[in-house]
Amino acid sequence: MHKTDLTIPDVLGGCETAAAWECRRADILENLVQTEYGKRPDLPYEVSWSERLRASIDELNAVHIHTELTVRTELGAYTFPVAVFLPKRDRKVPAAVLICSQSKSIQPMQLPSVMAGKRPQELAAMAKQAVSNFRTVLENPARSASAMFGTKPVLLDLDSDYDNGHWPVRAMMKRGFGMVGFYAADAEPDDAARYPSGLAKIFGTEKERSPHEWGVLAVWAFAASCVRQYVCSLEEVDEKQIAVIGHSRCGKAALLCGASDTGFAAVMPNGSGCCGAALSRGKSGESIASIQAFFPHWFAPSFRQYAGREGELPFDQHFLLAAVAPRLLHVGSGSEDFWADPRSEHLGAQLASRVWTLYGEDGLPVQMPEADTAQVCGHVGYHLRRGPHKLDTYDWICLQEHMNRVREGTAEK
């Protein structure tokens, strides 16, 4: 349960109008990105794409496209694949870009150097010790340790799997919702020992980064923005109705992407937890210290100074959530996802929703919803799916229904 006896920074900072917030938003993003996720090196770039396959899938009443997307700078070019499924309709359809955290094939698990070669029992002991050292508050330490080290990779072929809850193509085609996905690891491998080896390399990032230079989460966020440029070129897609979605570490990247790139109409970080939708102050489960211990390459090097010192941050994660305003924000949680901490994710969304009041909407209620229930107040929503740490069809439907309600003008204010 989230600790509430804490001083949490005021996201509004005295703003009383939407115009005042727009000025504050720019400052917030600059400070937050530079401090936490890191900034992309300032090199000009171009994005291009080439469709390698476009085929009709009769059983889905949809079109399947496989595209190679290329980003080019003066230092070189980097290409990664993008999978697209579009329902056949007589109108343009809304769509979402998924930053996919799953894999197409089994890959050797890349553990942090401090964990390499350790047996499962030793990894479990390390998790328990980390919990003790980082002073995290856990409702179920054993379950949280399993969340860190005990999950098996789930394979997902974005081009041929139709019924995986992480990528529910069949269900969303029936609902008239376009699906666009790319593997995060195809844009930049999630491997501290190899970083940079993908997109980051063509921007001049080196092994020893400057204090405020981008980490892997920012690279994935940038990749999703590049994919959005391609999606806008598809005549079947309504370019004003494109969302970005991600789960877990990719949920953090999706939130960063959607907050920074105003071309996205909607943003859904799902199970994003620490350094995602959850407040850092008072959070249960994963903390800045624990995430820095195992995944420092995700962030700007300068962010290490706040490990165990969350209270000294000049912001908290509701600042990043609020940067989505006045566009659609929908946060998703799992009721048993103690490592991500649903209460902190809901509190982050609730505090961020104060910014939408400047645009004439009501904020989210303080009370969390029951499991398998969504709260929607205008352009801000939160749902709690029953179950553990995962992205499932229910999460996708909650996003799609929220987008529909906003488009039709039926979302409660």
# chains A, B, ... in the order shown; residues from 1 in each chain; ligands from 1
>>> residues_around(residues="A:Gly311", least_positions_apart="5", cutoff="10 Å", atoms="only C-alpha atoms", output="JSON, numbers by chain")
{"A": [6, 7, 8, 9, 280, 281, 282, 306, 316]}
>>> residues_around(residues="A:Leu255", least_positions_apart="5", cutoff="9 Å", atoms="only C-alpha atoms", output="list of chain:residue names")
A:Ala221, A:Val244, A:Ile245, A:Gly246, A:Cys250, A:Ser260, A:Val267, A:Met268, A:Pro269, A:Ser272, A:Gly276, A:Ala277, A:Leu320, A:Leu321, A:Val324
>>> atom_distance(atom1="atom CA of A:Arg385", atom2="atom CA of A:Cys398")
9.6 Å
>>> closest_residue(among="A:Val219, A:Arg309, A:Ser287, A:Cys274", to="A:Gly38", atoms="only C-alpha atoms")
A:Val219
>>> select_by_dssp(residues="stretch 249-325 of chain A", states="helix (DSSP H, G or I)", output="PDB file with all heavy atoms, in the first residue's frame")
ATOM      1  N   ARG A 249       8.361  -2.249 -18.769  1.00  0.00           N
ATOM      2  CA  ARG A 249       9.408  -1.298 -19.162  1.00  0.00           C
ATOM      3  C   ARG A 249       9.008  -0.538 -20.424  1.00  0.00           C
ATOM      4  O   ARG A 249       9.363   0.632 -20.600  1.00  0.00           O
ATOM      5  CB  ARG A 249      10.734  -2.024 -19.356  1.00  0.00           C
ATOM      6  CG  ARG A 249      10.780  -3.025 -20.503  1.00  0.00           C
ATOM      7  CD  ARG A 249      12.065  -3.865 -20.435  1.00  0.00           C
ATOM      8  NE  ARG A 249      12.253  -4.731 -21.590  1.00  0.00           N
ATOM      9  CZ  ARG A 249      11.728  -5.952 -21.687  1.00  0.00           C
ATOM     10  NH1 ARG A 249      10.955  -6.430 -20.723  1.00  0.00           N
ATOM     11  NH2 ARG A 249      11.957  -6.691 -22.751  1.00  0.00           N
ATOM     12  N   CYS A 250       8.265  -1.199 -21.302  1.00  0.00           N
ATOM     13  CA  CYS A 250       7.799  -0.515 -22.507  1.00  0.00           C
ATOM     14  C   CYS A 250       6.625   0.412 -22.208  1.00  0.00           C
ATOM     15  O   CYS A 250       6.342   1.324 -22.984  1.00  0.00           O
ATOM     16  CB  CYS A 250       7.432  -1.536 -23.583  1.00  0.00           C
ATOM     17  SG  CYS A 250       8.877  -2.427 -24.219  1.00  0.00           S
ATOM     18  N   GLY A 251       5.945   0.198 -21.077  1.00  0.00           N
ATOM     19  CA  GLY A 251       4.945   1.150 -20.623  1.00  0.00           C
ATOM     20  C   GLY A 251       5.588   2.448 -20.186  1.00  0.00           C
ATOM     21  O   GLY A 251       5.054   3.539 -20.427  1.00  0.00           O
ATOM     22  N   LYS A 252       6.755   2.354 -19.565  1.00  0.00           N
ATOM     23  CA  LYS A 252       7.509   3.560 -19.195  1.00  0.00           C
ATOM     24  C   LYS A 252       7.889   4.327 -20.460  1.00  0.00           C
ATOM     25  O   LYS A 252       7.759   5.556 -20.536  1.00  0.00           O
ATOM     26  CB  LYS A 252       8.769   3.165 -18.425  1.00  0.00           C
ATOM     27  CG  LYS A 252       8.578   2.248 -17.229  1.00  0.00           C
ATOM     28  CD  LYS A 252       9.916   1.906 -16.572  1.00  0.00           C
ATOM     29  CE  LYS A 252       9.907   0.590 -15.829  1.00  0.00           C
ATOM     30  NZ  LYS A 252       8.960   0.496 -14.734  1.00  0.00           N
ATOM     31  N   ALA A 253       8.369   3.578 -21.464  1.00  0.00           N
ATOM     32  CA  ALA A 253       8.767   4.213 -22.722  1.00  0.00           C
ATOM     33  C   ALA A 253       7.567   4.817 -23.442  1.00  0.00           C
ATOM     34  O   ALA A 253       7.660   5.902 -24.028  1.00  0.00           O
ATOM     35  CB  ALA A 253       9.470   3.197 -23.627  1.00  0.00           C
ATOM     36  N   ALA A 254       6.423   4.128 -23.407  1.00  0.00           N
ATOM     37  CA  ALA A 254       5.220   4.647 -24.067  1.00  0.00           C
ATOM     38  C   ALA A 254       4.762   5.943 -23.412  1.00  0.00           C
ATOM     39  O   ALA A 254       4.347   6.888 -24.097  1.00  0.00           O
ATOM     40  CB  ALA A 254       4.103   3.606 -24.022  1.00  0.00           C
ATOM     41  N   LEU A 255       4.842   6.005 -22.079  1.00  0.00           N
ATOM     42  CA  LEU A 255       4.459   7.230 -21.381  1.00  0.00           C
ATOM     43  C   LEU A 255       5.384   8.375 -21.751  1.00  0.00           C
ATOM     44  O   LEU A 255       4.929   9.491 -22.045  1.00  0.00           O
ATOM     45  CB  LEU A 255       4.472   6.999 -19.873  1.00  0.00           C
ATOM     46  CG  LEU A 255       4.213   8.233 -18.998  1.00  0.00           C
ATOM     47  CD1 LEU A 255       2.891   8.888 -19.356  1.00  0.00           C
ATOM     48  CD2 LEU A 255       4.267   7.849 -17.525  1.00  0.00           C
ATOM     49  N   LEU A 256       6.687   8.119 -21.753  1.00  0.00           N
ATOM     50  CA  LEU A 256       7.647   9.157 -22.140  1.00  0.00           C
ATOM     51  C   LEU A 256       7.389   9.608 -23.569  1.00  0.00           C
ATOM     52  O   LEU A 256       7.397  10.810 -23.866  1.00  0.00           O
ATOM     53  CB  LEU A 256       9.072   8.616 -22.001  1.00  0.00           C
ATOM     54  CG  LEU A 256      10.194   9.532 -22.495  1.00  0.00           C
ATOM     55  CD1 LEU A 256      10.215  10.836 -21.713  1.00  0.00           C
ATOM     56  CD2 LEU A 256      11.547   8.819 -22.392  1.00  0.00           C
ATOM     57  N   CYS A 257       7.145   8.661 -24.453  1.00  0.00           N
ATOM     58  CA  CYS A 257       6.879   8.980 -25.864  1.00  0.00           C
ATOM     59  C   CYS A 257       5.630   9.839 -26.001  1.00  0.00           C
ATOM     60  O   CYS A 257       5.642  10.893 -26.644  1.00  0.00           O
ATOM     61  CB  CYS A 257       6.719   7.691 -26.656  1.00  0.00           C
ATOM     62  SG  CYS A 257       6.169   7.933 -28.358  1.00  0.00           S
ATOM     63  N   GLY A 258       4.538   9.394 -25.380  1.00  0.00           N
ATOM     64  CA  GLY A 258       3.283  10.106 -25.524  1.00  0.00           C
ATOM     65  C   GLY A 258       3.278  11.479 -24.882  1.00  0.00           C
ATOM     66  O   GLY A 258       2.632  12.400 -25.374  1.00  0.00           O
ATOM     67  N   ALA A 259       4.021  11.619 -23.773  1.00  0.00           N
ATOM     68  CA  ALA A 259       4.113  12.925 -23.131  1.00  0.00           C
ATOM     69  C   ALA A 259       4.906  13.900 -23.996  1.00  0.00           C
ATOM     70  O   ALA A 259       4.605  15.094 -24.029  1.00  0.00           O
ATOM     71  CB  ALA A 259       4.762  12.779 -21.757  1.00  0.00           C
ATOM     72  N   SER A 260       5.910  13.393 -24.696  1.00  0.00           N
ATOM     73  CA  SER A 260       6.807  14.244 -25.476  1.00  0.00           C
ATOM     74  C   SER A 260       6.287  14.525 -26.882  1.00  0.00           C
ATOM     75  O   SER A 260       6.491  15.617 -27.418  1.00  0.00           O
ATOM     76  CB  SER A 260       8.192  13.585 -25.570  1.00  0.00           C
ATOM     77  OG  SER A 260       8.721  13.297 -24.291  1.00  0.00           O
ATOM     78  N   ILE A 288      13.378   3.436  -7.157  1.00  0.00           N
ATOM     79  CA  ILE A 288      14.435   3.986  -8.004  1.00  0.00           C
ATOM     80  C   ILE A 288      15.757   3.296  -7.715  1.00  0.00           C
ATOM     81  O   ILE A 288      16.546   3.004  -8.625  1.00  0.00           O
ATOM     82  CB  ILE A 288      14.558   5.510  -7.806  1.00  0.00           C
ATOM     83  CG1 ILE A 288      13.313   6.218  -8.352  1.00  0.00           C
ATOM     84  CG2 ILE A 288      15.797   6.048  -8.526  1.00  0.00           C
ATOM     85  CD1 ILE A 288      13.307   7.715  -8.145  1.00  0.00           C
ATOM     86  N   ALA A 289      16.009   3.000  -6.450  1.00  0.00           N
ATOM     87  CA  ALA A 289      17.268   2.336  -6.100  1.00  0.00           C
ATOM     88  C   ALA A 289      17.358   0.947  -6.704  1.00  0.00           C
ATOM     89  O   ALA A 289      18.388   0.559  -7.263  1.00  0.00           O
ATOM     90  CB  ALA A 289      17.405   2.261  -4.580  1.00  0.00           C
ATOM     91  N   SER A 290      16.275   0.176  -6.611  1.00  0.00           N
ATOM     92  CA  SER A 290      16.327  -1.186  -7.147  1.00  0.00           C
ATOM     93  C   SER A 290      16.383  -1.201  -8.658  1.00  0.00           C
ATOM     94  O   SER A 290      17.113  -1.999  -9.262  1.00  0.00           O
ATOM     95  CB  SER A 290      15.123  -2.000  -6.644  1.00  0.00           C
ATOM     96  OG  SER A 290      13.904  -1.373  -6.968  1.00  0.00           O
ATOM     97  N   ILE A 291      15.638  -0.299  -9.304  1.00  0.00           N
ATOM     98  CA  ILE A 291      15.661  -0.278 -10.768  1.00  0.00           C
ATOM     99  C   ILE A 291      17.025   0.206 -11.280  1.00  0.00           C
ATOM    100  O   ILE A 291      17.520  -0.255 -12.304  1.00  0.00           O
ATOM    101  CB  ILE A 291      14.500   0.592 -11.310  1.00  0.00           C
ATOM    102  CG1 ILE A 291      14.142   0.173 -12.750  1.00  0.00           C
ATOM    103  CG2 ILE A 291      14.818   2.081 -11.272  1.00  0.00           C
ATOM    104  CD1 ILE A 291      12.878   0.825 -13.270  1.00  0.00           C
ATOM    105  N   GLN A 292      17.648   1.108 -10.545  1.00  0.00           N
ATOM    106  CA  GLN A 292      18.986   1.579 -10.917  1.00  0.00           C
ATOM    107  C   GLN A 292      20.031   0.484 -10.721  1.00  0.00           C
ATOM    108  O   GLN A 292      20.999   0.404 -11.473  1.00  0.00           O
ATOM    109  CB  GLN A 292      19.367   2.810 -10.096  1.00  0.00           C
ATOM    110  CG  GLN A 292      18.774   4.106 -10.597  1.00  0.00           C
ATOM    111  CD  GLN A 292      19.448   4.594 -11.868  1.00  0.00           C
ATOM    112  OE1 GLN A 292      20.542   4.170 -12.216  1.00  0.00           O
ATOM    113  NE2 GLN A 292      18.789   5.490 -12.565  1.00  0.00           N
ATOM    114  N   ALA A 293      19.834  -0.351  -9.714  1.00  0.00           N
ATOM    115  CA  ALA A 293      20.799  -1.417  -9.450  1.00  0.00           C
ATOM    116  C   ALA A 293      20.845  -2.431 -10.585  1.00  0.00           C
ATOM    117  O   ALA A 293      21.906  -2.969 -10.912  1.00  0.00           O
ATOM    118  CB  ALA A 293      20.453  -2.114  -8.138  1.00  0.00           C
ATOM    119  N   PHE A 294      19.700  -2.701 -11.187  1.00  0.00           N
ATOM    120  CA  PHE A 294      19.629  -3.742 -12.202  1.00  0.00           C
ATOM    121  C   PHE A 294      19.543  -3.217 -13.638  1.00  0.00           C
ATOM    122  O   PHE A 294      19.955  -3.892 -14.571  1.00  0.00           O
ATOM    123  CB  PHE A 294      18.432  -4.657 -11.918  1.00  0.00           C
ATOM    124  CG  PHE A 294      18.513  -5.348 -10.593  1.00  0.00           C
ATOM    125  CD1 PHE A 294      17.621  -5.069  -9.583  1.00  0.00           C
ATOM    126  CD2 PHE A 294      19.526  -6.263 -10.324  1.00  0.00           C
ATOM    127  CE1 PHE A 294      17.698  -5.685  -8.343  1.00  0.00           C
ATOM    128  CE2 PHE A 294      19.620  -6.895  -9.100  1.00  0.00           C
ATOM    129  CZ  PHE A 294      18.707  -6.604  -8.096  1.00  0.00           C
ATOM    130  N   PRO A 296      20.482   0.277 -14.977  1.00  0.00           N
ATOM    131  CA  PRO A 296      20.940   1.673 -15.067  1.00  0.00           C
ATOM    132  C   PRO A 296      20.962   2.199 -16.491  1.00  0.00           C
ATOM    133  O   PRO A 296      20.862   3.415 -16.704  1.00  0.00           O
ATOM    134  CB  PRO A 296      22.341   1.622 -14.466  1.00  0.00           C
ATOM    135  CG  PRO A 296      22.798   0.209 -14.683  1.00  0.00           C
ATOM    136  CD  PRO A 296      21.551  -0.624 -14.506  1.00  0.00           C
ATOM    137  N   HIS A 297      21.092   1.290 -17.481  1.00  0.00           N
ATOM    138  CA  HIS A 297      21.150   1.715 -18.879  1.00  0.00           C
ATOM    139  C   HIS A 297      19.811   2.236 -19.395  1.00  0.00           C
ATOM    140  O   HIS A 297      19.753   2.799 -20.481  1.00  0.00           O
ATOM    141  CB  HIS A 297      21.647   0.569 -19.767  1.00  0.00           C
ATOM    142  CG  HIS A 297      20.769  -0.656 -19.728  1.00  0.00           C
ATOM    143  ND1 HIS A 297      20.596  -1.409 -18.598  1.00  0.00           N
ATOM    144  CD2 HIS A 297      20.004  -1.255 -20.698  1.00  0.00           C
ATOM    145  CE1 HIS A 297      19.783  -2.426 -18.854  1.00  0.00           C
ATOM    146  NE2 HIS A 297      19.406  -2.346 -20.126  1.00  0.00           N
ATOM    147  N   TRP A 298      18.747   2.057 -18.613  1.00  0.00           N
ATOM    148  CA  TRP A 298      17.451   2.571 -19.033  1.00  0.00           C
ATOM    149  C   TRP A 298      17.369   4.090 -18.907  1.00  0.00           C
ATOM    150  O   TRP A 298      16.503   4.718 -19.529  1.00  0.00           O
ATOM    151  CB  TRP A 298      16.329   1.970 -18.184  1.00  0.00           C
ATOM    152  CG  TRP A 298      16.017   0.536 -18.476  1.00  0.00           C
ATOM    153  CD1 TRP A 298      16.600  -0.272 -19.410  1.00  0.00           C
ATOM    154  CD2 TRP A 298      15.036  -0.269 -17.803  1.00  0.00           C
ATOM    155  NE1 TRP A 298      16.058  -1.530 -19.374  1.00  0.00           N
ATOM    156  CE2 TRP A 298      15.091  -1.555 -18.398  1.00  0.00           C
ATOM    157  CE3 TRP A 298      14.132  -0.037 -16.784  1.00  0.00           C
ATOM    158  CZ2 TRP A 298      14.251  -2.598 -17.978  1.00  0.00           C
ATOM    159  CZ3 TRP A 298      13.305  -1.073 -16.374  1.00  0.00           C
ATOM    160  CH2 TRP A 298      13.371  -2.326 -16.970  1.00  0.00           C
ATOM    161  N   PRO A 301      22.601   8.794 -16.987  1.00  0.00           N
ATOM    162  CA  PRO A 301      23.526   8.517 -15.890  1.00  0.00           C
ATOM    163  C   PRO A 301      23.299   9.402 -14.667  1.00  0.00           C
ATOM    164  O   PRO A 301      23.475   8.960 -13.527  1.00  0.00           O
ATOM    165  CB  PRO A 301      24.898   8.769 -16.521  1.00  0.00           C
ATOM    166  CG  PRO A 301      24.695   8.447 -17.970  1.00  0.00           C
ATOM    167  CD  PRO A 301      23.306   8.933 -18.275  1.00  0.00           C
ATOM    168  N   SER A 302      22.862  10.626 -14.882  1.00  0.00           N
ATOM    169  CA  SER A 302      22.667  11.559 -13.770  1.00  0.00           C
ATOM    170  C   SER A 302      21.546  11.125 -12.829  1.00  0.00           C
ATOM    171  O   SER A 302      21.484  11.578 -11.679  1.00  0.00           O
ATOM    172  CB  SER A 302      22.360  12.961 -14.300  1.00  0.00           C
ATOM    173  OG  SER A 302      21.145  12.960 -15.050  1.00  0.00           O
ATOM    174  N   PHE A 303      20.664  10.254 -13.280  1.00  0.00           N
ATOM    175  CA  PHE A 303      19.524   9.851 -12.468  1.00  0.00           C
ATOM    176  C   PHE A 303      19.940   8.991 -11.275  1.00  0.00           C
ATOM    177  O   PHE A 303      19.179   8.839 -10.322  1.00  0.00           O
ATOM    178  CB  PHE A 303      18.513   9.101 -13.339  1.00  0.00           C
ATOM    179  CG  PHE A 303      17.160   8.901 -12.706  1.00  0.00           C
ATOM    180  CD1 PHE A 303      16.470   9.967 -12.137  1.00  0.00           C
ATOM    181  CD2 PHE A 303      16.563   7.650 -12.690  1.00  0.00           C
ATOM    182  CE1 PHE A 303      15.217   9.794 -11.563  1.00  0.00           C
ATOM    183  CE2 PHE A 303      15.316   7.457 -12.125  1.00  0.00           C
ATOM    184  CZ  PHE A 303      14.645   8.531 -11.549  1.00  0.00           C
ATOM    185  N   ARG A 304      21.151   8.439 -11.322  1.00  0.00           N
ATOM    186  CA  ARG A 304      21.614   7.570 -10.227  1.00  0.00           C
ATOM    187  C   ARG A 304      21.636   8.287  -8.884  1.00  0.00           C
ATOM    188  O   ARG A 304      21.518   7.658  -7.839  1.00  0.00           O
ATOM    189  CB  ARG A 304      23.022   7.049 -10.543  1.00  0.00           C
ATOM    190  CG  ARG A 304      23.100   6.162 -11.775  1.00  0.00           C
ATOM    191  CD  ARG A 304      24.534   5.891 -12.165  1.00  0.00           C
ATOM    192  NE  ARG A 304      24.626   5.236 -13.467  1.00  0.00           N
ATOM    193  CZ  ARG A 304      25.737   5.170 -14.197  1.00  0.00           C
ATOM    194  NH1 ARG A 304      26.847   5.756 -13.758  1.00  0.00           N
ATOM    195  NH2 ARG A 304      25.740   4.559 -15.353  1.00  0.00           N
ATOM    196  N   GLN A 305      21.818   9.583  -8.908  1.00  0.00           N
ATOM    197  CA  GLN A 305      21.940  10.327  -7.653  1.00  0.00           C
ATOM    198  C   GLN A 305      20.665  10.285  -6.823  1.00  0.00           C
ATOM    199  O   GLN A 305      20.702  10.574  -5.619  1.00  0.00           O
ATOM    200  CB  GLN A 305      22.298  11.784  -7.936  1.00  0.00           C
ATOM    201  CG  GLN A 305      21.218  12.555  -8.680  1.00  0.00           C
ATOM    202  CD  GLN A 305      21.610  13.969  -9.021  1.00  0.00           C
ATOM    203  OE1 GLN A 305      21.897  14.764  -8.143  1.00  0.00           O
ATOM    204  NE2 GLN A 305      21.657  14.276 -10.318  1.00  0.00           N
ATOM    205  N   TYR A 306      19.536   9.899  -7.432  1.00  0.00           N
ATOM    206  CA  TYR A 306      18.273   9.879  -6.696  1.00  0.00           C
ATOM    207  C   TYR A 306      17.909   8.486  -6.191  1.00  0.00           C
ATOM    208  O   TYR A 306      16.812   8.296  -5.657  1.00  0.00           O
ATOM    209  CB  TYR A 306      17.153  10.431  -7.575  1.00  0.00           C
ATOM    210  CG  TYR A 306      17.340  11.907  -7.852  1.00  0.00           C
ATOM    211  CD1 TYR A 306      17.779  12.350  -9.100  1.00  0.00           C
ATOM    212  CD2 TYR A 306      17.103  12.857  -6.860  1.00  0.00           C
ATOM    213  CE1 TYR A 306      17.963  13.700  -9.352  1.00  0.00           C
ATOM    214  CE2 TYR A 306      17.292  14.212  -7.106  1.00  0.00           C
ATOM    215  CZ  TYR A 306      17.723  14.626  -8.354  1.00  0.00           C
ATOM    216  OH  TYR A 306      17.912  15.968  -8.598  1.00  0.00           O
ATOM    217  N   GLU A 310      14.299   9.578  -3.286  1.00  0.00           N
ATOM    218  CA  GLU A 310      13.151  10.017  -4.067  1.00  0.00           C
ATOM    219  C   GLU A 310      12.624  11.371  -3.605  1.00  0.00           C
ATOM    220  O   GLU A 310      12.156  12.166  -4.422  1.00  0.00           O
ATOM    221  CB  GLU A 310      12.029   8.972  -3.990  1.00  0.00           C
ATOM    222  CG  GLU A 310      12.299   7.687  -4.754  1.00  0.00           C
ATOM    223  CD  GLU A 310      13.067   6.650  -3.948  1.00  0.00           C
ATOM    224  OE1 GLU A 310      13.621   7.010  -2.884  1.00  0.00           O
ATOM    225  OE2 GLU A 310      13.123   5.491  -4.386  1.00  0.00           O
ATOM    226  N   GLY A 311      12.686  11.606  -2.299  1.00  0.00           N
ATOM    227  CA  GLY A 311      12.150  12.847  -1.763  1.00  0.00           C
ATOM    228  C   GLY A 311      12.881  14.088  -2.216  1.00  0.00           C
ATOM    229  O   GLY A 311      12.370  15.207  -2.064  1.00  0.00           O
ATOM    230  N   GLU A 312      14.073  13.913  -2.793  1.00  0.00           N
ATOM    231  CA  GLU A 312      14.845  15.059  -3.258  1.00  0.00           C
ATOM    232  C   GLU A 312      14.593  15.391  -4.724  1.00  0.00           C
ATOM    233  O   GLU A 312      15.091  16.406  -5.229  1.00  0.00           O
ATOM    234  CB  GLU A 312      16.344  14.799  -3.036  1.00  0.00           C
ATOM    235  CG  GLU A 312      16.706  14.618  -1.554  1.00  0.00           C
ATOM    236  CD  GLU A 312      18.170  14.306  -1.349  1.00  0.00           C
ATOM    237  OE1 GLU A 312      18.990  14.723  -2.198  1.00  0.00           O
ATOM    238  OE2 GLU A 312      18.511  13.646  -0.349  1.00  0.00           O
ATOM    239  N   GLN A 317       6.371  11.289 -10.785  1.00  0.00           N
ATOM    240  CA  GLN A 317       5.918  10.772 -12.078  1.00  0.00           C
ATOM    241  C   GLN A 317       4.602  11.372 -12.545  1.00  0.00           C
ATOM    242  O   GLN A 317       4.296  11.335 -13.741  1.00  0.00           O
ATOM    243  CB  GLN A 317       5.813   9.244 -12.013  1.00  0.00           C
ATOM    244  CG  GLN A 317       7.169   8.543 -11.893  1.00  0.00           C
ATOM    245  CD  GLN A 317       8.135   8.908 -13.003  1.00  0.00           C
ATOM    246  OE1 GLN A 317       9.192   9.490 -12.750  1.00  0.00           O
ATOM    247  NE2 GLN A 317       7.783   8.586 -14.241  1.00  0.00           N
ATOM    248  N   HIS A 318       3.810  11.952 -11.629  1.00  0.00           N
ATOM    249  CA  HIS A 318       2.566  12.585 -12.080  1.00  0.00           C
ATOM    250  C   HIS A 318       2.847  13.810 -12.949  1.00  0.00           C
ATOM    251  O   HIS A 318       1.993  14.228 -13.724  1.00  0.00           O
ATOM    252  CB  HIS A 318       1.664  12.935 -10.894  1.00  0.00           C
ATOM    253  CG  HIS A 318       2.237  13.871  -9.893  1.00  0.00           C
ATOM    254  ND1 HIS A 318       3.475  13.685  -9.306  1.00  0.00           N
ATOM    255  CD2 HIS A 318       1.739  15.019  -9.348  1.00  0.00           C
ATOM    256  CE1 HIS A 318       3.710  14.669  -8.454  1.00  0.00           C
ATOM    257  NE2 HIS A 318       2.672  15.494  -8.470  1.00  0.00           N
ATOM    258  N   PHE A 319       4.055  14.354 -12.865  1.00  0.00           N
ATOM    259  CA  PHE A 319       4.431  15.456 -13.753  1.00  0.00           C
ATOM    260  C   PHE A 319       4.482  14.969 -15.199  1.00  0.00           C
ATOM    261  O   PHE A 319       4.035  15.655 -16.118  1.00  0.00           O
ATOM    262  CB  PHE A 319       5.788  16.027 -13.359  1.00  0.00           C
ATOM    263  CG  PHE A 319       5.768  16.957 -12.178  1.00  0.00           C
ATOM    264  CD1 PHE A 319       5.027  16.672 -11.045  1.00  0.00           C
ATOM    265  CD2 PHE A 319       6.514  18.119 -12.177  1.00  0.00           C
ATOM    266  CE1 PHE A 319       5.018  17.516  -9.945  1.00  0.00           C
ATOM    267  CE2 PHE A 319       6.519  18.992 -11.093  1.00  0.00           C
ATOM    268  CZ  PHE A 319       5.760  18.684  -9.979  1.00  0.00           C
ATOM    269  N   LEU A 320       5.044  13.782 -15.394  1.00  0.00           N
ATOM    270  CA  LEU A 320       5.136  13.224 -16.746  1.00  0.00           C
ATOM    271  C   LEU A 320       3.751  12.841 -17.258  1.00  0.00           C
ATOM    272  O   LEU A 320       3.420  13.083 -18.428  1.00  0.00           O
ATOM    273  CB  LEU A 320       6.062  12.008 -16.764  1.00  0.00           C
ATOM    274  CG  LEU A 320       6.364  11.395 -18.136  1.00  0.00           C
ATOM    275  CD1 LEU A 320       7.045  12.409 -19.055  1.00  0.00           C
ATOM    276  CD2 LEU A 320       7.229  10.148 -18.008  1.00  0.00           C
ATOM    277  N   LEU A 321       2.931  12.240 -16.407  1.00  0.00           N
ATOM    278  CA  LEU A 321       1.564  11.915 -16.796  1.00  0.00           C
ATOM    279  C   LEU A 321       0.811  13.177 -17.206  1.00  0.00           C
ATOM    280  O   LEU A 321       0.086  13.196 -18.206  1.00  0.00           O
ATOM    281  CB  LEU A 321       0.840  11.240 -15.634  1.00  0.00           C
ATOM    282  CG  LEU A 321       1.297   9.828 -15.264  1.00  0.00           C
ATOM    283  CD1 LEU A 321       0.799   9.469 -13.866  1.00  0.00           C
ATOM    284  CD2 LEU A 321       0.818   8.810 -16.272  1.00  0.00           C
ATOM    285  N   ALA A 322       0.985  14.244 -16.436  1.00  0.00           N
ATOM    286  CA  ALA A 322       0.280  15.494 -16.704  1.00  0.00           C
ATOM    287  C   ALA A 322       0.718  16.142 -18.010  1.00  0.00           C
ATOM    288  O   ALA A 322      -0.043  16.895 -18.621  1.00  0.00           O
ATOM    289  CB  ALA A 322       0.487  16.472 -15.551  1.00  0.00           C
TER     290      ALA A 322
END
>>> closest_residue(among="A:Arg72, A:His389, A:His64, A:Arg405", to="A:Ile202", atoms="only C-alpha atoms")
A:Arg72
>>> select_by_dssp(residues="stretch 218-385 of chain A", states="strand (DSSP E or B)", output="ChimeraX atom specification")
/A:237-247,266-270,284,328-334,373-377,380-385
>>> write_last_selection(atoms="C-alpha atoms", output="short mmCIF file (atom, residue, chain, number, x, y, z; two decimals), in the first residue's frame")
data_model
loop_
_atom_site.label_atom_id
_atom_site.label_comp_id
_atom_site.auth_asym_id
_atom_site.auth_seq_id
_atom_site.Cartn_x
_atom_site.Cartn_y
_atom_site.Cartn_z
CA VAL A 237 -5.63 5.31 -40.55
CA ASP A 238 -7.07 8.43 -38.95
CA GLU A 239 -3.86 10.29 -38.15
CA LYS A 240 -5.66 12.28 -35.45
CA GLN A 241 -6.58 9.07 -33.62
CA ILE A 242 -3.26 7.32 -33.03
CA ALA A 243 -2.36 6.03 -29.56
CA VAL A 244 0.89 4.72 -28.10
CA ILE A 245 0.81 1.77 -25.73
CA GLY A 246 3.38 -0.30 -23.86
CA HIS A 247 3.60 -2.67 -20.93
CA ALA A 266 -3.81 8.97 -26.66
CA VAL A 267 -1.29 7.36 -24.32
CA MET A 268 -1.65 4.14 -22.31
CA PRO A 269 1.16 3.06 -20.00
CA ASN A 270 0.18 -0.39 -18.72
CA SER A 284 5.67 -0.20 -2.73
CA LEU A 328 -6.14 11.39 -23.70
CA LEU A 329 -4.30 9.60 -20.89
CA HIS A 330 -5.36 6.13 -19.80
CA VAL A 331 -3.35 4.28 -17.13
CA GLY A 332 -3.74 0.51 -16.74
CA SER A 333 -2.84 -1.68 -13.74
CA GLY A 334 -3.10 -5.32 -12.66
CA THR A 373 -13.49 -1.70 -13.69
CA ALA A 374 -12.48 1.52 -15.44
CA GLN A 375 -12.73 5.12 -14.26
CA VAL A 376 -13.11 7.68 -17.06
CA CYS A 377 -13.32 11.43 -16.51
CA VAL A 380 -8.23 10.93 -18.24
CA GLY A 381 -8.88 7.28 -17.41
CA TYR A 382 -7.64 4.50 -15.19
CA HIS A 383 -8.57 0.83 -15.09
CA LEU A 384 -7.68 -2.01 -12.76
CA ARG A 385 -7.61 -5.38 -14.49
#
